[in-house]
Amino acid sequence: TAALLVLALLLSAFGNAEESVESDDESDDPAIEAPAPSEDEADADAAAEEPVAEEPEAEPVELIYANCGTMQAANTAQTAIPEILGFWEDENLAVEEVILAGSGECVQALDAGNIDVTITATPSLASPIAQGADNLVAIGAYVVGNIYTPFVPAESPIEEPADFDGSTIGVGSLEASSVPMFVALLNSVGLDRDSVDFVPVGFSPGEVSEFLRAGRIDAYAQHDGAQAALQEVMDMRAVTNETFENVGFHVIFATRRDVLEEKREALVGLMRGIAKGVVVARENPEAGVAMLYQQWPENRPTGVADEDLISSGLSGLVARLENIQPVDGLLFNGTREQMSSHFEVLIAAETMPALEEPMDSFIDRFWDGSLLED
């Protein structure tokens, strides 16, 4: 079960240690008398016996941290692992985790001051900053690879992106970031959003496969974890092109500049805890999946037997971890070239307004990677 796997992980991480203490006394002979202490030594001994007041422990720093959409196995490193294994507690943080419907809602809550920090899709932050929301800022790149490659059933007549014209595309939700990214793929072959119909079908691989087999959707456009889970129950293949596959920098850490100034160390601690979560997920993905469903039991996939729960989530987690990689030697780092190419795609897809300033100037407003060195 999930609980047993978590317990196994904890037992492997923390062994039992025994200490032996040997006496330093050289003799118990009562005939050997120690010299009487001097007056100064007696005063020092008396002072040493007085209780020493302990410094009060610092109060944990509170952070309201939002994740977007349904938490699945692919998300365990950013939510369940650091919470359950106490990585945030070790950083003296009191993290209140909230789950909001989508990336857009997360950024709106951040801008309104209802949360302190979020992991969200790049388009949802780039667009308001382009429109003048200067208090919002990206402080790290969580996922740098392209996680939004669409898939079709193996027997589908759709062979290349141009074939999507007139098709029906299943997405997790209409607010999902896969929607503007799919539009970007359409733009790369001269199509636009009106060339297809988007239908929300959720994230459950069993339910999505039913939509596909019934012909109610022609393709599924969602993140890497959802695609990997779907491929466990149905033979699927990717439809993409080189232009689209080279677009990365999809998922970022975002906060407000006032939070960055007031709670800088706390933000570093939050990200450090997530970095440790990534390490644990790589070393023991089974336990990572178990912890996700321990923290969010309501997100267990429907139609999956208890004995298959962990294995059903592994492919999604492994797929996500492949897209979380260091850039220039730093985890959660991003380059200006990655950002520039991503923003150009968003502008072409009309997901982000055209810039009225040089790209370098916009990136300066969008990005503050100074925490990554802390």
# chains A, B, ... in the order shown; residues from 1 in each chain; ligands from 1

$ residues_around --residues "A:Val259" --least-positions-apart "4" --cutoff "9 Å" --atoms "only C-alpha atoms" --output "JSON list (two decimals) with N, CA and C atoms, in the first residue's frame"
[["chain", "number", "residue", "atom", "x", "y", "z"],
["A", 116, "ASP", "N", 1.37, 33.39, -1.77],
["A", 116, "ASP", "CA", 2.71, 33.98, -1.79],
["A", 116, "ASP", "C", 3.55, 33.50, -2.97],
["A", 117, "VAL", "N", 3.33, 32.28, -3.39],
["A", 117, "VAL", "CA", 4.19, 31.68, -4.41],
["A", 117, "VAL", "C", 3.42, 30.55, -5.08],
["A", 255, "THR", "N", 6.30, 34.47, -7.97],
["A", 255, "THR", "CA", 5.94, 35.14, -6.74],
["A", 255, "THR", "C", 5.71, 36.62, -7.04],
["A", 263, "LYS", "N", 10.32, 37.82, 2.17],
["A", 263, "LYS", "CA", 10.45, 36.41, 2.55],
["A", 263, "LYS", "C", 11.45, 35.68, 1.66],
["A", 264, "ARG", "N", 12.52, 36.35, 1.36],
["A", 264, "ARG", "CA", 13.52, 35.79, 0.44],
["A", 264, "ARG", "C", 14.04, 34.44, 0.94],
["A", 267, "LEU", "N", 11.50, 31.65, 0.58],
["A", 267, "LEU", "CA", 11.36, 31.18, -0.80],
["A", 267, "LEU", "C", 12.50, 30.24, -1.17]]

$ select_by_dssp --residues "stretch 202-272 of chain A" --states "strand (DSSP E or B)" --output "MDAnalysis selection string"
chainID A and resid 219:221 236:238 251:256

$ closest_atom_pairs --of "stretch 201-226 of chain A" --to "stretch 317-338 of chain A" --cutoff "12 Å" --atoms "only C-alpha atoms" --output "JSON lines"
{"residue": "A:His223", "atom": "CA", "partner": "A:Arg320", "partner_atom": "CA", "distance": 8.7}
{"residue": "A:Asp224", "atom": "CA", "partner": "A:Ala319", "partner_atom": "CA", "distance": 6.1}
{"residue": "A:Gly225", "atom": "CA", "partner": "A:Arg320", "partner_atom": "CA", "distance": 5.9}
{"residue": "A:Ala226", "atom": "CA", "partner": "A:Ala319", "partner_atom": "CA", "distance": 9.4}

$ closest_residue --among "A:Asn92, A:Thr168, A:Ser103, A:Asn75" --to "A:Val61" --atoms "only C-alpha atoms"
A:Asn92

$ atom_distance --atom1 "atom CA of A:Ile274" --atom2 "atom CA of A:Gly86"
11.0 Å

$ residues_around --residues "stretch 268-271 of chain A" --least-positions-apart "2" --cutoff "12 Å" --atoms "only C-alpha atoms" --output "JSON, numbers by chain"
{"A": [60, 61, 62, 63, 64, 65, 66, 77, 78, 79, 82, 83, 86, 87, 88, 89, 90, 91, 92, 93, 94, 95, 96, 97, 116, 117, 118, 119, 139, 140, 141, 142, 252, 253, 254, 255, 259, 260, 261, 263, 264, 265, 266, 273, 274, 275, 276, 277, 278, 331, 332, 333, 369, 370, 371, 372, 373, 374]}

$ residues_around --residues "A:Pro153" --least-positions-apart "3" --cutoff "10 Å" --atoms "only C-alpha atoms" --output "list in words"
Ser156, Pro157, Ile158, Ser209, Leu212, Arg213, Asp218, Ala219, Tyr220, Gln231, Met234, Asp235, Met236, Arg237 and Ala238 of chain A

$ residues_around --residues "stretch 182-197 of chain A" --least-positions-apart "5" --cutoff "12 Å" --atoms "only C-alpha atoms" --output "PyMOL selection string"
chain A and resi 123+146-151+160-171+174+176-177+216-223+239-247+341-352

$ write_last_selection --atoms "C-alpha atoms" --output "PDB file, in the first residue's frame"
ATOM      1  CA  PRO A 123       2.117  31.709 -20.443  1.00  0.00           C
ATOM      2  CA  ASN A 146       8.740  20.371 -23.715  1.00  0.00           C
ATOM      3  CA  ILE A 147       5.971  18.587 -21.812  1.00  0.00           C
ATOM      4  CA  TYR A 148       3.055  19.353 -24.157  1.00  0.00           C
ATOM      5  CA  THR A 149       3.558  17.066 -27.156  1.00  0.00           C
ATOM      6  CA  PRO A 150       0.088  15.869 -28.311  1.00  0.00           C
ATOM      7  CA  PHE A 151      -0.653  12.196 -28.920  1.00  0.00           C
ATOM      8  CA  GLU A 160       1.654  15.416 -38.974  1.00  0.00           C
ATOM      9  CA  PRO A 161       0.505  18.675 -37.322  1.00  0.00           C
ATOM     10  CA  ALA A 162      -1.196  19.971 -40.496  1.00  0.00           C
ATOM     11  CA  ASP A 163      -3.557  16.966 -40.288  1.00  0.00           C
ATOM     12  CA  PHE A 164      -5.105  18.365 -37.114  1.00  0.00           C
ATOM     13  CA  ASP A 165      -7.167  20.778 -39.233  1.00  0.00           C
ATOM     14  CA  GLY A 166     -10.852  20.145 -38.438  1.00  0.00           C
ATOM     15  CA  SER A 167     -10.170  17.692 -35.609  1.00  0.00           C
ATOM     16  CA  THR A 168     -11.411  17.549 -32.015  1.00  0.00           C
ATOM     17  CA  ILE A 169      -8.706  17.813 -29.354  1.00  0.00           C
ATOM     18  CA  GLY A 170      -9.177  16.484 -25.830  1.00  0.00           C
ATOM     19  CA  VAL A 171      -7.544  18.506 -23.043  1.00  0.00           C
ATOM     20  CA  LEU A 174     -10.067  24.439 -21.166  1.00  0.00           C
ATOM     21  CA  ALA A 176      -4.988  24.024 -19.077  1.00  0.00           C
ATOM     22  CA  SER A 177      -1.716  25.349 -20.477  1.00  0.00           C
ATOM     23  CA  ARG A 216     -15.404  11.655 -29.506  1.00  0.00           C
ATOM     24  CA  ILE A 217     -11.904  13.179 -29.644  1.00  0.00           C
ATOM     25  CA  ASP A 218      -9.151  12.670 -32.212  1.00  0.00           C
ATOM     26  CA  ALA A 219      -6.143  13.507 -30.066  1.00  0.00           C
ATOM     27  CA  TYR A 220      -5.149  14.254 -26.471  1.00  0.00           C
ATOM     28  CA  ALA A 221      -3.143  17.376 -25.681  1.00  0.00           C
ATOM     29  CA  GLN A 222      -1.936  17.408 -22.099  1.00  0.00           C
ATOM     30  CA  HIS A 223       1.283  17.399 -20.073  1.00  0.00           C
ATOM     31  CA  VAL A 239       2.424  14.100 -33.558  1.00  0.00           C
ATOM     32  CA  THR A 240       4.791  17.063 -33.546  1.00  0.00           C
ATOM     33  CA  ASN A 241       7.558  18.824 -35.468  1.00  0.00           C
ATOM     34  CA  GLU A 242      11.036  20.112 -34.746  1.00  0.00           C
ATOM     35  CA  THR A 243       9.901  23.709 -34.288  1.00  0.00           C
ATOM     36  CA  PHE A 244       7.488  22.775 -31.534  1.00  0.00           C
ATOM     37  CA  GLU A 245       9.720  20.220 -29.813  1.00  0.00           C
ATOM     38  CA  ASN A 246      12.441  22.852 -29.333  1.00  0.00           C
ATOM     39  CA  VAL A 247      10.110  24.984 -27.213  1.00  0.00           C
ATOM     40  CA  SER A 341      12.055  31.413 -27.892  1.00  0.00           C
ATOM     41  CA  HIS A 342       9.132  30.543 -25.609  1.00  0.00           C
ATOM     42  CA  PHE A 343       7.805  34.110 -25.587  1.00  0.00           C
ATOM     43  CA  GLU A 344       8.080  34.363 -29.371  1.00  0.00           C
ATOM     44  CA  VAL A 345       5.909  31.235 -29.677  1.00  0.00           C
ATOM     45  CA  LEU A 346       3.343  32.683 -27.255  1.00  0.00           C
ATOM     46  CA  ILE A 347       3.187  35.961 -29.147  1.00  0.00           C
ATOM     47  CA  ALA A 348       2.720  34.155 -32.463  1.00  0.00           C
ATOM     48  CA  ALA A 349      -0.100  32.123 -30.884  1.00  0.00           C
ATOM     49  CA  GLU A 350      -1.666  35.349 -29.567  1.00  0.00           C
ATOM     50  CA  THR A 351      -1.539  33.840 -26.085  1.00  0.00           C
ATOM     51  CA  MET A 352       0.672  36.728 -25.044  1.00  0.00           C
TER      52      MET A 352
END

$ residues_around --residues "A:Asp111" --least-positions-apart "2" --cutoff "8 Å" --atoms "only C-alpha atoms" --output "PyMOL selection string"
chain A and resi 107-109+113-114+135-136+256

$ write_last_selection --atoms "N, CA and C atoms" --output "CSV table (one decimal), in the first residue's frame"
chain,number,residue,atom,x,y,z
A,107,VAL,N,-2.2,32.5,-11.0
A,107,VAL,CA,-1.5,33.8,-11.1
A,107,VAL,C,-2.4,34.9,-10.7
A,108,GLN,N,-3.7,34.8,-10.9
A,108,GLN,CA,-4.7,35.8,-10.4
A,108,GLN,C,-4.7,35.8,-8.9
A,109,ALA,N,-4.6,34.7,-8.2
A,109,ALA,CA,-4.5,34.7,-6.8
A,109,ALA,C,-3.2,35.3,-6.3
A,113,GLY,N,-2.7,38.9,-4.0
A,113,GLY,CA,-2.2,38.8,-2.7
A,113,GLY,C,-2.8,37.7,-1.8
A,114,ASN,N,-3.5,36.7,-2.5
A,114,ASN,CA,-4.1,35.6,-1.7
A,114,ASN,C,-3.2,34.5,-1.5
A,135,ASN,N,4.6,43.7,-10.5
A,135,ASN,CA,4.9,43.1,-9.1
A,135,ASN,C,5.0,41.6,-9.2
A,136,LEU,N,4.7,41.0,-10.4
A,136,LEU,CA,4.8,39.6,-10.5
A,136,LEU,C,6.2,39.3,-11.1
A,256,ARG,N,5.5,37.4,-6.0
A,256,ARG,CA,5.4,38.9,-6.1
A,256,ARG,C,6.7,39.5,-5.6

$ select_by_dssp --residues "stretch 49-209 of chain A" --states "helix (DSSP H, G or I)" --output "MDAnalysis selection string"
chainID A and resid 49 73:78 80:84 87:90 103:112 122:130 161:164 178:187 193:195 205:209

$ residues_around --residues "A:Ile363" --least-positions-apart "2" --cutoff "10 Å" --atoms "only C-alpha atoms" --output "list in words"
Ala126, Ile129, Ala130, Val137, Ala138, Arg336, Met339, Ser340, Phe343, Pro358, Met359, Asp360, Ser361, Arg365, Phe366, Trp367 and Asp368 of chain A

$ write_last_selection --atoms "N, CA, C and O atoms" --output "compact mmCIF listing (two decimals), in the first residue's frame"
# COMPACT_ATOMS: atom_id res chain seq x y z
N ALA A 126 3.58 35.21 -18.11
CA ALA A 126 4.16 36.11 -19.11
C ALA A 126 3.15 37.14 -19.60
O ALA A 126 3.48 38.32 -19.78
N ILE A 129 2.49 40.11 -17.11
CA ILE A 129 3.68 40.95 -17.00
C ILE A 129 3.85 41.78 -18.27
O ILE A 129 4.20 42.97 -18.21
N ALA A 130 3.56 41.20 -19.42
CA ALA A 130 3.64 41.95 -20.67
C ALA A 130 2.65 43.10 -20.69
O ALA A 130 2.87 44.12 -21.36
N VAL A 137 6.77 38.17 -10.73
CA VAL A 137 8.12 37.83 -11.23
C VAL A 137 8.33 36.32 -11.15
O VAL A 137 7.85 35.65 -10.24
N ALA A 138 9.05 35.79 -12.13
CA ALA A 138 9.47 34.39 -12.12
C ALA A 138 10.80 34.28 -11.38
O ALA A 138 11.71 35.08 -11.62
N ARG A 336 18.26 32.97 -21.10
CA ARG A 336 17.53 34.01 -21.82
C ARG A 336 17.10 33.51 -23.20
O ARG A 336 16.04 33.91 -23.72
N MET A 339 13.90 31.50 -22.72
CA MET A 339 12.78 32.41 -22.48
C MET A 339 12.36 33.13 -23.75
O MET A 339 11.16 33.21 -24.07
N SER A 340 13.33 33.63 -24.48
CA SER A 340 13.02 34.38 -25.69
C SER A 340 12.26 33.52 -26.69
O SER A 340 11.24 33.95 -27.25
N PHE A 343 8.65 32.93 -25.47
CA PHE A 343 7.80 34.11 -25.59
C PHE A 343 7.44 34.40 -27.05
O PHE A 343 6.32 34.82 -27.35
N PRO A 358 11.92 45.99 -26.14
CA PRO A 358 12.83 44.94 -26.60
C PRO A 358 12.67 43.67 -25.76
O PRO A 358 12.32 43.74 -24.57
N MET A 359 12.90 42.52 -26.37
CA MET A 359 12.77 41.25 -25.66
C MET A 359 13.65 41.21 -24.41
O MET A 359 13.23 40.74 -23.35
N ASP A 360 14.88 41.70 -24.51
CA ASP A 360 15.78 41.68 -23.34
C ASP A 360 15.20 42.49 -22.19
O ASP A 360 15.34 42.10 -21.02
N SER A 361 14.56 43.60 -22.49
CA SER A 361 13.95 44.42 -21.45
C SER A 361 12.80 43.67 -20.78
O SER A 361 12.64 43.72 -19.55
N ARG A 365 12.29 42.18 -16.72
CA ARG A 365 11.13 42.38 -15.84
C ARG A 365 10.51 41.06 -15.42
O ARG A 365 9.97 40.93 -14.33
N PHE A 366 10.59 40.08 -16.29
CA PHE A 366 9.96 38.78 -16.05
C PHE A 366 10.74 37.92 -15.07
O PHE A 366 10.15 37.20 -14.26
N TRP A 367 12.06 37.96 -15.10
CA TRP A 367 12.92 36.94 -14.46
C TRP A 367 13.83 37.53 -13.41
O TRP A 367 14.48 38.55 -13.63
N ASP A 368 13.90 36.87 -12.24
CA ASP A 368 14.90 37.15 -11.22
C ASP A 368 15.41 35.82 -10.71
O ASP A 368 14.76 35.17 -9.89

$ atom_distance --atom1 "atom CA of A:Leu100" --atom2 "atom CA of A:Ala73"
17.0 Å
